[in-house]
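Okay, work_37.cif now, which holds mmCIF, C-alpha atoms and all ligand atoms:
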```
data_my_file
#
loop_
_atom_site.label_atom_id
_atom_site.label_comp_id
_atom_site.auth_asym_id
_atom_site.auth_seq_id
_atom_site.Cartn_x
_atom_site.Cartn_y
_atom_site.Cartn_z
CA MET P 1 -10.44 1.53 -3.07
CA LYS P 2 -7.80 -0.74 -4.49
CA ARG P 3 -5.56 -2.66 -2.10
CA ARG P 4 -3.17 -0.32 -0.42
CA ASP P 5 0.29 0.04 -1.89
CA PHE P 6 2.09 -0.90 1.27
CA ILE P 7 0.72 -4.41 1.10
CA LYS P 8 2.88 -4.87 -1.98
CA ILE P 9 5.97 -4.45 0.17
CA ALA P 10 5.10 -7.65 1.99
CA ALA P 11 4.95 -9.48 -1.32
CA ILE P 12 8.55 -8.73 -2.22
CA THR P 13 10.34 -11.90 -1.33
CA SER P 14 13.71 -11.61 -2.99
CA LEU P 15 15.13 -8.78 -0.93
CA TYR P 16 15.77 -10.55 2.32
CA ALA P 17 19.41 -11.10 3.08
CA CYS P 18 21.69 -11.76 5.96
CA ALA P 19 19.29 -11.97 8.93
CA GLY P 20 21.06 -13.70 11.75
CA GLN P 21 24.39 -13.79 10.01
CA SER P 22 27.40 -11.66 10.77
CA CYS P 23 27.70 -9.15 7.95
CA SER P 24 30.85 -7.26 8.91
CA PRO P 25 29.81 -3.71 8.13
CA GLU P 26 32.68 -1.45 7.27
CA LYS P 27 33.31 0.48 10.42
CA LYS P 28 34.38 3.65 8.68
CA LYS P 29 31.03 4.03 6.94
CA LEU P 30 28.88 3.28 9.96
CA LYS P 31 26.99 6.07 11.70
CA ASN P 32 24.59 5.36 14.56
CA TRP P 33 22.12 7.78 16.12
CA MET P 34 20.02 7.85 19.28
CA TRP P 35 16.73 9.60 19.95
CA LEU P 36 17.13 10.82 23.54
CA ARG P 37 14.36 11.91 25.88
CA GLY P 38 14.91 13.97 29.01
CA GLY P 39 18.27 14.87 30.49
CA GLN P 40 17.28 18.43 31.30
CA ASN P 41 17.64 17.77 35.03
CA LEU P 42 21.20 16.48 34.76
CA SER P 43 24.08 18.77 35.69
CA ASP P 44 26.56 19.69 32.98
CA ALA P 45 29.04 17.18 34.41
CA GLU P 46 26.43 14.38 34.44
CA LEU P 47 25.30 15.23 30.94
CA ARG P 48 28.90 15.22 29.69
CA GLU P 49 29.51 11.82 31.29
CA PHE P 50 26.36 10.38 29.68
CA TYR P 51 27.24 11.72 26.23
CA ARG P 52 30.84 10.53 26.53
CA LYS P 53 29.58 7.03 27.31
CA LEU P 54 27.38 7.16 24.21
CA LYS P 55 30.38 8.12 22.12
CA ASP P 56 32.59 5.44 23.67
CA ASP P 57 29.89 2.80 23.07
CA GLY P 58 29.59 3.49 19.34
CA VAL P 59 27.05 6.31 18.96
CA HIS P 60 28.00 8.98 16.42
CA GLY P 61 25.04 11.34 16.55
CA VAL P 62 22.40 12.33 19.10
CA LEU P 63 18.82 13.52 18.64
CA PRO P 64 17.80 14.93 22.03
CA ASP P 65 14.46 16.65 22.70
CA GLY P 66 14.32 19.78 24.81
CA SER P 67 14.22 23.55 25.01
CA ASN P 68 16.55 25.98 23.23
CA GLU P 69 18.28 26.58 26.59
CA PHE P 70 18.92 22.86 27.03
CA TYR P 71 20.24 22.66 23.48
CA GLU P 72 22.81 25.37 24.30
CA ARG P 73 24.24 23.01 26.95
CA VAL P 74 24.03 19.96 24.67
CA GLY P 75 25.74 21.81 21.80
CA HIS P 76 28.63 22.81 23.99
CA ILE P 77 29.16 19.25 25.23
CA CYS P 78 28.77 17.60 21.81
CA LYS P 79 31.30 19.98 20.31
CA GLN P 80 33.77 19.13 23.08
CA ILE P 81 33.49 15.38 22.73
CA GLY P 82 32.86 15.12 19.00
CA LEU P 83 29.26 13.95 18.74
CA GLU P 84 26.95 15.06 15.94
CA PHE P 85 23.89 16.80 17.29
CA HIS P 86 20.50 17.40 15.63
CA ALA P 87 17.82 19.10 17.76
CA TRP P 88 14.72 16.85 17.78
CA ARG P 89 11.52 18.86 17.74
CA TRP P 90 8.01 17.81 16.70
CA THR P 91 6.80 19.63 13.61
CA MET P 92 3.02 19.45 13.12
CA ILE P 93 1.95 18.60 16.67
CA ARG P 94 2.29 21.88 18.56
CA PRO P 95 -0.40 22.28 21.23
CA GLY P 96 0.95 25.58 22.56
CA TYR P 97 -1.07 27.91 20.32
CA MET P 98 -4.56 26.48 20.77
CA LYS P 99 -5.82 29.28 22.99
CA VAL P 100 -4.48 32.20 20.97
CA HIS P 101 -4.76 30.75 17.47
CA PRO P 102 -7.28 27.90 17.36
CA GLU P 103 -7.69 28.64 13.65
CA TRP P 104 -4.18 27.32 12.93
CA TYR P 105 -5.21 23.75 13.73
CA ALA P 106 -6.39 20.92 11.50
CA VAL P 107 -10.08 20.09 10.92
CA ASN P 108 -11.41 16.66 9.95
CA ARG P 109 -14.01 15.63 7.35
CA ASN P 110 -16.73 15.91 10.02
CA GLY P 111 -15.78 19.58 10.45
CA GLU P 112 -14.23 19.00 13.90
CA SER P 113 -11.04 20.78 14.92
CA VAL P 114 -8.31 18.93 16.83
CA VAL P 115 -8.56 21.76 19.36
CA LYS P 116 -11.87 20.39 20.65
CA HIS P 117 -11.76 16.83 19.29
CA PRO P 118 -8.22 15.41 19.29
CA PRO P 119 -8.28 12.08 17.38
CA TYR P 120 -7.06 8.84 19.05
CA VAL P 121 -5.10 10.48 21.88
CA ASN P 122 -5.21 13.75 23.77
CA TYR P 123 -1.84 15.01 22.55
CA TYR P 124 -2.86 14.80 18.86
CA ARG P 125 -3.19 18.57 18.26
CA TRP P 126 -2.15 18.89 14.64
CA LEU P 127 -1.44 22.15 12.87
CA CYS P 128 -2.72 22.64 9.34
CA PRO P 129 0.17 22.59 6.82
CA SER P 130 -1.55 24.95 4.36
CA LYS P 131 -1.54 28.12 6.44
CA LYS P 132 0.98 30.94 5.97
CA GLU P 133 1.07 31.57 9.74
CA VAL P 134 1.98 27.93 10.44
CA GLU P 135 4.71 28.07 7.82
CA GLU P 136 6.19 31.22 9.41
CA LEU P 137 5.99 29.74 12.89
CA LEU P 138 7.83 26.55 11.90
CA ILE P 139 10.46 28.24 9.75
CA ASN P 140 11.23 30.74 12.53
CA ASP P 141 11.39 28.04 15.17
CA TYR P 142 13.71 25.67 13.31
CA THR P 143 15.99 28.41 12.01
CA SER P 144 16.26 29.91 15.51
CA LEU P 145 17.74 26.58 16.64
CA CYS P 146 20.42 26.88 13.96
CA ASN P 147 22.20 29.65 15.87
CA ILE P 148 23.10 27.26 18.69
CA GLU P 149 26.80 26.57 18.90
CA GLY P 150 27.72 22.92 18.44
CA LEU P 151 24.41 22.10 16.74
CA ASN P 152 24.84 20.34 13.39
CA GLY P 153 21.21 20.24 12.39
CA VAL P 154 17.52 20.07 13.26
CA HIS P 155 15.43 16.91 13.35
CA LEU P 156 11.74 16.86 12.38
CA ASP P 157 9.25 14.39 13.86
CA TYR P 158 5.47 14.11 13.46
CA VAL P 159 6.11 15.82 10.16
CA ARG P 160 2.89 14.52 8.66
CA TYR P 161 -0.89 14.57 8.91
CA CYS P 162 -2.78 12.67 11.57
CA ASP P 163 -2.94 8.92 10.85
CA VAL P 164 -5.89 8.50 8.50
CA ILE P 165 -5.17 4.78 8.88
CA LEU P 166 -3.27 3.45 11.89
CA PRO P 167 -0.55 0.80 11.49
CA VAL P 168 -2.42 -2.49 11.47
CA ALA P 169 -1.22 -3.76 14.85
CA LEU P 170 -2.30 -0.54 16.59
CA GLN P 171 -5.90 -0.58 15.35
CA PRO P 172 -7.22 -3.09 17.94
CA LYS P 173 -5.88 -0.83 20.70
CA TYR P 174 -8.52 1.71 19.63
CA ASN P 175 -11.18 -0.90 18.78
CA LEU P 176 -10.90 0.02 15.12
CA VAL P 177 -10.87 -1.89 11.84
CA GLN P 178 -9.66 0.73 9.38
CA ASN P 179 -10.33 -0.80 5.99
CA HIS P 180 -11.32 2.63 4.67
CA GLU P 181 -10.60 6.28 5.49
CA MET P 182 -12.96 7.29 8.30
CA PRO P 183 -14.06 10.96 8.33
CA GLN P 184 -13.07 11.56 11.95
CA PHE P 185 -9.42 10.75 11.13
CA ASP P 186 -9.28 12.40 7.70
CA TYR P 187 -7.59 15.86 7.62
CA CYS P 188 -7.46 18.72 6.68
CA TYR P 189 -10.78 20.32 5.85
CA CYS P 190 -10.18 23.70 7.48
CA ASP P 191 -11.42 26.87 5.77
CA THR P 192 -7.95 27.59 4.37
CA CYS P 193 -7.56 24.15 2.79
CA ARG P 194 -11.10 24.12 1.42
CA SER P 195 -10.92 27.61 -0.11
CA LYS P 196 -7.40 27.17 -1.52
CA TYR P 197 -8.36 23.85 -3.07
CA LYS P 198 -11.64 25.18 -4.43
CA ALA P 199 -9.85 28.15 -6.03
CA GLU P 200 -7.55 25.70 -7.80
CA TYR P 201 -9.95 22.90 -8.75
CA GLY P 202 -13.40 24.46 -8.65
CA TYR P 203 -15.07 22.32 -5.97
CA ASP P 204 -15.18 22.10 -2.20
CA PRO P 205 -13.56 18.84 -0.98
CA MET P 206 -15.97 18.76 1.98
CA LYS P 207 -18.75 18.10 -0.53
CA LEU P 208 -17.03 14.86 -1.58
CA LYS P 209 -18.12 13.25 1.70
CA ASP P 210 -17.57 9.48 1.49
CA ARG P 211 -16.08 9.80 -1.99
CA ALA P 212 -13.12 11.82 -0.62
CA GLU P 213 -10.99 8.70 -0.35
CA ASP P 214 -11.29 8.01 -4.07
CA ASP P 215 -10.45 11.54 -5.22
CA GLU P 216 -6.81 11.24 -6.26
CA GLN P 217 -6.58 14.98 -6.98
CA TRP P 218 -7.60 15.91 -3.43
CA ARG P 219 -5.31 13.27 -1.98
CA GLN P 220 -2.37 14.55 -4.04
CA TRP P 221 -3.09 18.19 -3.16
CA ARG P 222 -2.75 17.41 0.52
CA LEU P 223 0.50 15.49 0.01
CA ASP P 224 1.80 18.52 -1.88
CA GLN P 225 0.90 20.99 0.88
CA LEU P 226 3.14 19.17 3.33
CA VAL P 227 5.98 18.66 0.84
CA VAL P 228 6.02 22.39 0.06
CA LEU P 229 6.04 23.27 3.76
CA VAL P 230 8.86 20.86 4.63
CA ASN P 231 10.97 22.00 1.70
CA LYS P 232 10.56 25.64 2.74
CA ILE P 233 11.75 24.75 6.25
CA ALA P 234 14.66 22.80 4.72
CA GLU P 235 15.60 25.71 2.49
CA SER P 236 15.70 28.11 5.45
CA VAL P 237 17.74 25.69 7.56
CA HIS P 238 20.19 25.06 4.72
CA LYS P 239 20.72 28.80 4.31
CA THR P 240 22.18 28.84 7.83
CA GLY P 241 24.67 26.14 6.81
CA LYS P 242 23.04 23.52 9.08
CA GLN P 243 21.52 20.17 8.21
CA ILE P 244 17.99 18.84 8.48
CA SER P 245 16.85 15.26 9.14
CA ALA P 246 13.55 13.61 10.03
CA ALA P 247 11.81 10.64 11.59
CA VAL P 248 9.45 9.44 8.86
CA PHE P 249 7.16 6.43 8.32
CA PRO P 250 8.83 3.16 7.22
CA THR P 251 8.65 3.64 3.44
CA PRO P 252 7.20 6.38 1.19
CA GLU P 253 4.38 3.99 0.20
CA ILE P 254 3.35 3.32 3.79
CA ALA P 255 3.82 7.00 4.68
CA ARG P 256 1.57 8.26 1.87
CA GLU P 257 -1.20 5.78 2.65
CA LEU P 258 -1.27 6.06 6.41
CA VAL P 259 -0.27 9.65 7.19
CA ARG P 260 -0.17 11.56 3.87
CA GLN P 261 3.59 12.00 4.18
CA ASP P 262 5.30 11.95 0.77
CA TRP P 263 8.79 11.97 2.23
CA GLU P 264 10.37 10.81 -0.99
CA ARG P 265 10.08 14.47 -2.05
CA PHE P 266 11.44 16.02 1.17
CA ASN P 267 14.79 17.78 0.57
CA LEU P 268 16.52 16.50 3.69
CA ASP P 269 20.09 15.55 4.50
CA ALA P 270 19.21 12.40 6.42
CA PHE P 271 16.21 10.13 6.94
CA MET P 272 15.46 7.97 9.97
CA PRO P 273 12.43 5.92 8.75
CA MET P 274 10.78 4.37 11.79
CA ALA P 275 10.92 0.69 10.90
CA TYR P 276 8.90 -0.28 13.98
CA PHE P 277 8.04 -3.76 12.77
CA ASN P 278 5.75 -4.76 15.65
CA ASP P 279 3.31 -1.98 14.66
CA TYR P 280 2.89 -3.67 11.26
CA ASN P 281 2.91 -7.25 12.53
CA GLY P 282 6.27 -7.43 10.75
CA ASP P 283 9.27 -9.63 11.38
CA LEU P 284 12.91 -9.49 10.29
CA LYS P 285 11.90 -10.21 6.72
CA TRP P 286 9.54 -7.21 6.80
CA LEU P 287 12.41 -5.12 8.18
CA ALA P 288 14.80 -6.31 5.48
CA ASP P 289 12.29 -5.50 2.71
CA VAL P 290 11.59 -2.03 4.09
CA VAL P 291 15.26 -1.17 4.59
CA LYS P 292 16.16 -2.38 1.11
CA ARG P 293 13.34 -0.30 -0.42
CA ASP P 294 14.49 2.88 1.35
CA ALA P 295 18.18 2.25 0.67
CA ALA P 296 17.51 2.00 -3.07
CA LEU P 297 15.63 5.29 -2.92
CA LEU P 298 18.10 7.25 -0.83
CA LYS P 299 21.42 5.90 -2.05
CA GLY P 300 23.70 8.79 -2.95
CA LYS P 301 20.99 11.33 -2.10
CA ALA P 302 20.79 11.46 1.69
CA GLY P 303 21.91 9.73 4.86
CA PHE P 304 19.82 6.68 5.73
CA TYR P 305 19.68 5.41 9.31
CA PRO P 306 16.56 3.27 9.93
CA GLY P 307 14.76 3.92 13.20
CA LEU P 308 14.50 0.93 15.53
CA ASN P 309 12.24 0.65 18.54
CA LEU P 310 14.25 -0.85 21.38
CA GLY P 311 11.16 -2.63 22.76
CA HIS P 312 10.58 -4.36 19.40
CA VAL P 313 14.22 -5.22 18.80
CA ARG P 314 15.02 -7.01 22.05
CA LYS P 315 13.08 -10.16 21.14
CA TYR P 316 15.47 -10.81 18.23
CA GLY P 317 18.60 -9.30 19.77
CA ILE P 318 20.14 -5.94 18.98
CA GLU P 319 23.08 -7.32 17.03
CA LYS P 320 20.89 -9.45 14.78
CA VAL P 321 18.50 -6.61 13.97
CA ILE P 322 21.26 -4.09 13.23
CA ASN P 323 22.90 -6.65 10.96
CA VAL P 324 19.67 -6.96 8.93
CA CYS P 325 19.64 -3.18 8.47
CA LEU P 326 23.29 -2.93 7.47
CA ALA P 327 23.10 -5.91 5.13
CA ASN P 328 20.24 -4.26 3.27
CA GLY P 329 21.79 -0.86 2.67
CA ALA P 330 21.51 1.18 5.89
CA GLN P 331 24.46 3.41 6.78
CA GLY P 332 23.82 2.85 10.50
CA VAL P 333 20.73 2.80 12.69
CA THR P 334 18.79 5.12 14.99
CA PHE P 335 17.45 3.79 18.28
CA PHE P 336 14.38 4.90 20.23
CA PRO P 337 14.66 5.60 23.05
CA GLY P 338 18.43 5.65 23.39
CA ASN P 339 18.24 6.73 27.02
CA GLU P 340 16.57 3.41 27.96
CA PHE P 341 19.42 1.12 26.95
CA SER P 342 20.33 -1.34 29.71
CA ASP P 343 23.92 -2.45 30.37
CA GLU P 344 23.07 -5.65 28.51
CA ASP P 345 21.77 -3.68 25.51
CA TRP P 346 24.98 -1.66 25.38
CA LEU P 347 27.10 -4.80 25.41
CA GLU P 348 25.27 -6.06 22.34
CA PHE P 349 25.28 -2.69 20.61
CA LYS P 350 29.04 -2.40 21.03
CA LYS P 351 29.57 -5.68 19.21
CA ILE P 352 28.29 -4.00 16.05
CA ALA P 353 29.75 -0.58 16.63
CA TYR P 354 33.27 -1.97 17.02
CA LYS P 355 33.21 -4.64 14.41
ZN ZN X 401 -6.16 22.99 6.65
#
```
Please lay out the structure from this file as structure tokens.
Ligand SMILES: [Zn+2]
Amino acid sequence: MKRRDFIKIAAITSLYACAGQSCSPEKKKLKNWMWLRGGQNLSDAELREFYRKLKDDGVHGVLPDGSNEFYERVGHICKQIGLEFHAWRWTMIRPGYMKVHPEWYAVNRNGESVVKHPPYVNYYRWLCPSKKEVEELLINDYTSLCNIEGLNGVHLDYVRYCDVILPVALQPKYNLVQNHEMPQFDYCYCDTCRSKYKAEYGYDPMKLKDRAEDDEQWRQWRLDQLVVLVNKIAESVHKTGKQISAAVFPTPEIARELVRQDWERFNLDAFMPMAYFNDYNGDLKWLADVVKRDAALLKGKAGFYPGLNLGHVRKYGIEKVINVCLANGAQGVTFFPGNEFSDEDWLEFKKIAYK
């Protein structure tokens, strides 16, 4: 296979601007988000205090995980204090149906289902995007969230296939050198995908074996399955008058190659591409290139708030990293995990938020 497209990103040298300088973003245009884990055990008063602090420190929108019941509480508080709120819920990883509907789950090129053979990590229990039942499940779930008072939108995550190739810096963790698509990480070859594809193109993709990686038609078909699914969810959410956003891979090129996620074609209101530079052995120049690429793509079409991993950002300093994003076209940033900010982190964050 030819060299992967995402390598080209690294070759773009002219896009880097403003790292380490003060770029004076216009405050009125800035919107910052936080992915927030936990909080369910806090009382309403504690939760309100936490959210008010976020607002006071320069956060405009929150992406908390949790149950529908928790979201009822969050919606009420966010409405009171004027925070935007998108409910963060994983899309394709949903382990809860494995016992009742094992046939809804993805199967790899070795014919193994994630139900019995989860790839890489135990929580990797991916649904197949081609099945009508999966589509109904996801549409019903996300639209049910839209009835919650104070909720502005829903937020998709893991809205992709399993990593057929891991980000380069993560491969050694699994003792892997992924210079080609290995069958145990290549999805989906379930009966539904195989028969639907065969009906359209006249051959069974399972028969491609090691040639599967070079079959552009089969690759494209799988990208399309996910795009169609996401856009159906988006259409249903939009009908309720709410918004839809997502955590996606750093650029469409990287996303297509690593996780078969063609997010360039997702009809969403906002994108939070996870520009987790350590995972790609990237530095601030890598970040600048990636942000500039996405900004050019999304300008005027959707909100763009690059995702930053707090653990990766601290070595450069929060202010410096946010400035790189803003200087290259971001409308704000999204931090993971926002609930792990230290007092020191907040002091730095506020310097940007109140510029
Ligand atoms: Zn399938």
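Using only C-alpha atoms, the nearest neighbour of Asp65 of chain P within the list P:His155, P:Leu138, P:Ile81, P:Ala302 is P:His155.
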Quick one: which chain P residues come within 6 Å of ligand ZN 401 (chain X), and what is the nearest atom pair for each with the distance in Å to one decimal, counting all atoms listed in the file, rows ordered by chain and ascending number, as a Markdown table?
```
| residue | atom | partner | partner_atom | distance |
| --- | --- | --- | --- | --- |
| P:Ala106 | CA | X:ZN401 | ZN | 5.3 |
| P:Cys128 | CA | X:ZN401 | ZN | 4.4 |
| P:Ser130 | CA | X:ZN401 | ZN | 5.5 |
| P:Cys188 | CA | X:ZN401 | ZN | 4.5 |
| P:Tyr189 | CA | X:ZN401 | ZN | 5.4 |
| P:Cys190 | CA | X:ZN401 | ZN | 4.2 |
| P:Thr192 | CA | X:ZN401 | ZN | 5.4 |
| P:Cys193 | CA | X:ZN401 | ZN | 4.3 |
```
Surrounding residues of segment 205-217 of chain P excluding itself and chain neighbours under 5 positions, 7 Å, only C-alpha atoms, as a ChimeraX atom specification: /P:1,109,181,189,194
Restricting the output to C-alpha atoms, write the selected residues as a short mmCIF file (atom, residue, chain, number, x, y, z; two decimals), keeping the file's coordinate frame.
```cif
data_model
loop_
_atom_site.label_atom_id
_atom_site.label_comp_id
_atom_site.auth_asym_id
_atom_site.auth_seq_id
_atom_site.Cartn_x
_atom_site.Cartn_y
_atom_site.Cartn_z
CA MET P 1 -10.44 1.53 -3.07
CA ARG P 109 -14.01 15.63 7.35
CA GLU P 181 -10.60 6.28 5.49
CA TYR P 189 -10.78 20.32 5.85
CA ARG P 194 -11.10 24.12 1.42
#
```
Centre and edges of the segment 323-337 of chain P box, axis-aligned, 6 Å extra per side, as JSON:
```
{"center_x": 19.4, "center_y": -0.7, "center_z": 12.9, "size_x": 22.1, "size_y": 24.6, "size_z": 32.4}
```
Non-local contacts of Trp126 of chain P (9 Å; only C-alpha atoms; under 3 positions in same chain excluded) as a PyMOL selection string: chain P and resi 92-95+104-107+114-115+118+123+129+160-162
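Among the candidates P:Val154, P:Arg73, P:Val164, P:Asn147, the one nearest to Gln178 of chain P when counting only C-alpha atoms is P:Val164.
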What lies within 10 Å of Phe349 of chain P using all atoms listed in the file, ignoring chain neighbours under 4 positions off, as a ChimeraX atom specification? /P:57-59,317-320,322,341,343-345,353-354
For those residues, write C-alpha atoms to a file as a CSV table (one decimal), in the frame of the given file.
```
chain,number,residue,atom,x,y,z
P,57,ASP,CA,29.9,2.8,23.1
P,58,GLY,CA,29.6,3.5,19.3
P,59,VAL,CA,27.0,6.3,19.0
P,317,GLY,CA,18.6,-9.3,19.8
P,318,ILE,CA,20.1,-5.9,19.0
P,319,GLU,CA,23.1,-7.3,17.0
P,320,LYS,CA,20.9,-9.4,14.8
P,322,ILE,CA,21.3,-4.1,13.2
P,341,PHE,CA,19.4,1.1,27.0
P,343,ASP,CA,23.9,-2.4,30.4
P,344,GLU,CA,23.1,-5.6,28.5
P,345,ASP,CA,21.8,-3.7,25.5
P,353,ALA,CA,29.8,-0.6,16.6
P,354,TYR,CA,33.3,-2.0,17.0
```
State, in Å with one decimal place, the distance from atom CA of Pro337 of chain P to atom CA of Lys53 of chain P.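 We find that atom CA of Pro337 of chain P and atom CA of Lys53 of chain P lie 15.6 Å from each other.
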So which residues touch segment 229-232 of chain P within 12 Å, counting all atoms listed in the file, skipping near sequence neighbours fewer than 5 positions away, as an MDAnalysis selection string? chainID P and resid 91:92 127:140 142:143 155:160 222:224 237:239 244:246 261:269
Report, in Å to a single decimal, how far apart atom CA of Pro306 of chain P and atom CA of Phe271 of chain P are. 7.5 Å
Out of P:Ala295, P:His86, P:Cys146, P:Leu310, which residue has the shortest atom-to-atom distance to Gly241 of chain P when counting all atoms listed in the file? P:Cys146
Quick one: distance from atom CA of Ala169 of chain P to atom CA of Ala296 of chain P in Å, one decimal?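 We find that atom CA of Ala169 of chain P and atom CA of Ala296 of chain P lie 26.6 Å from each other.
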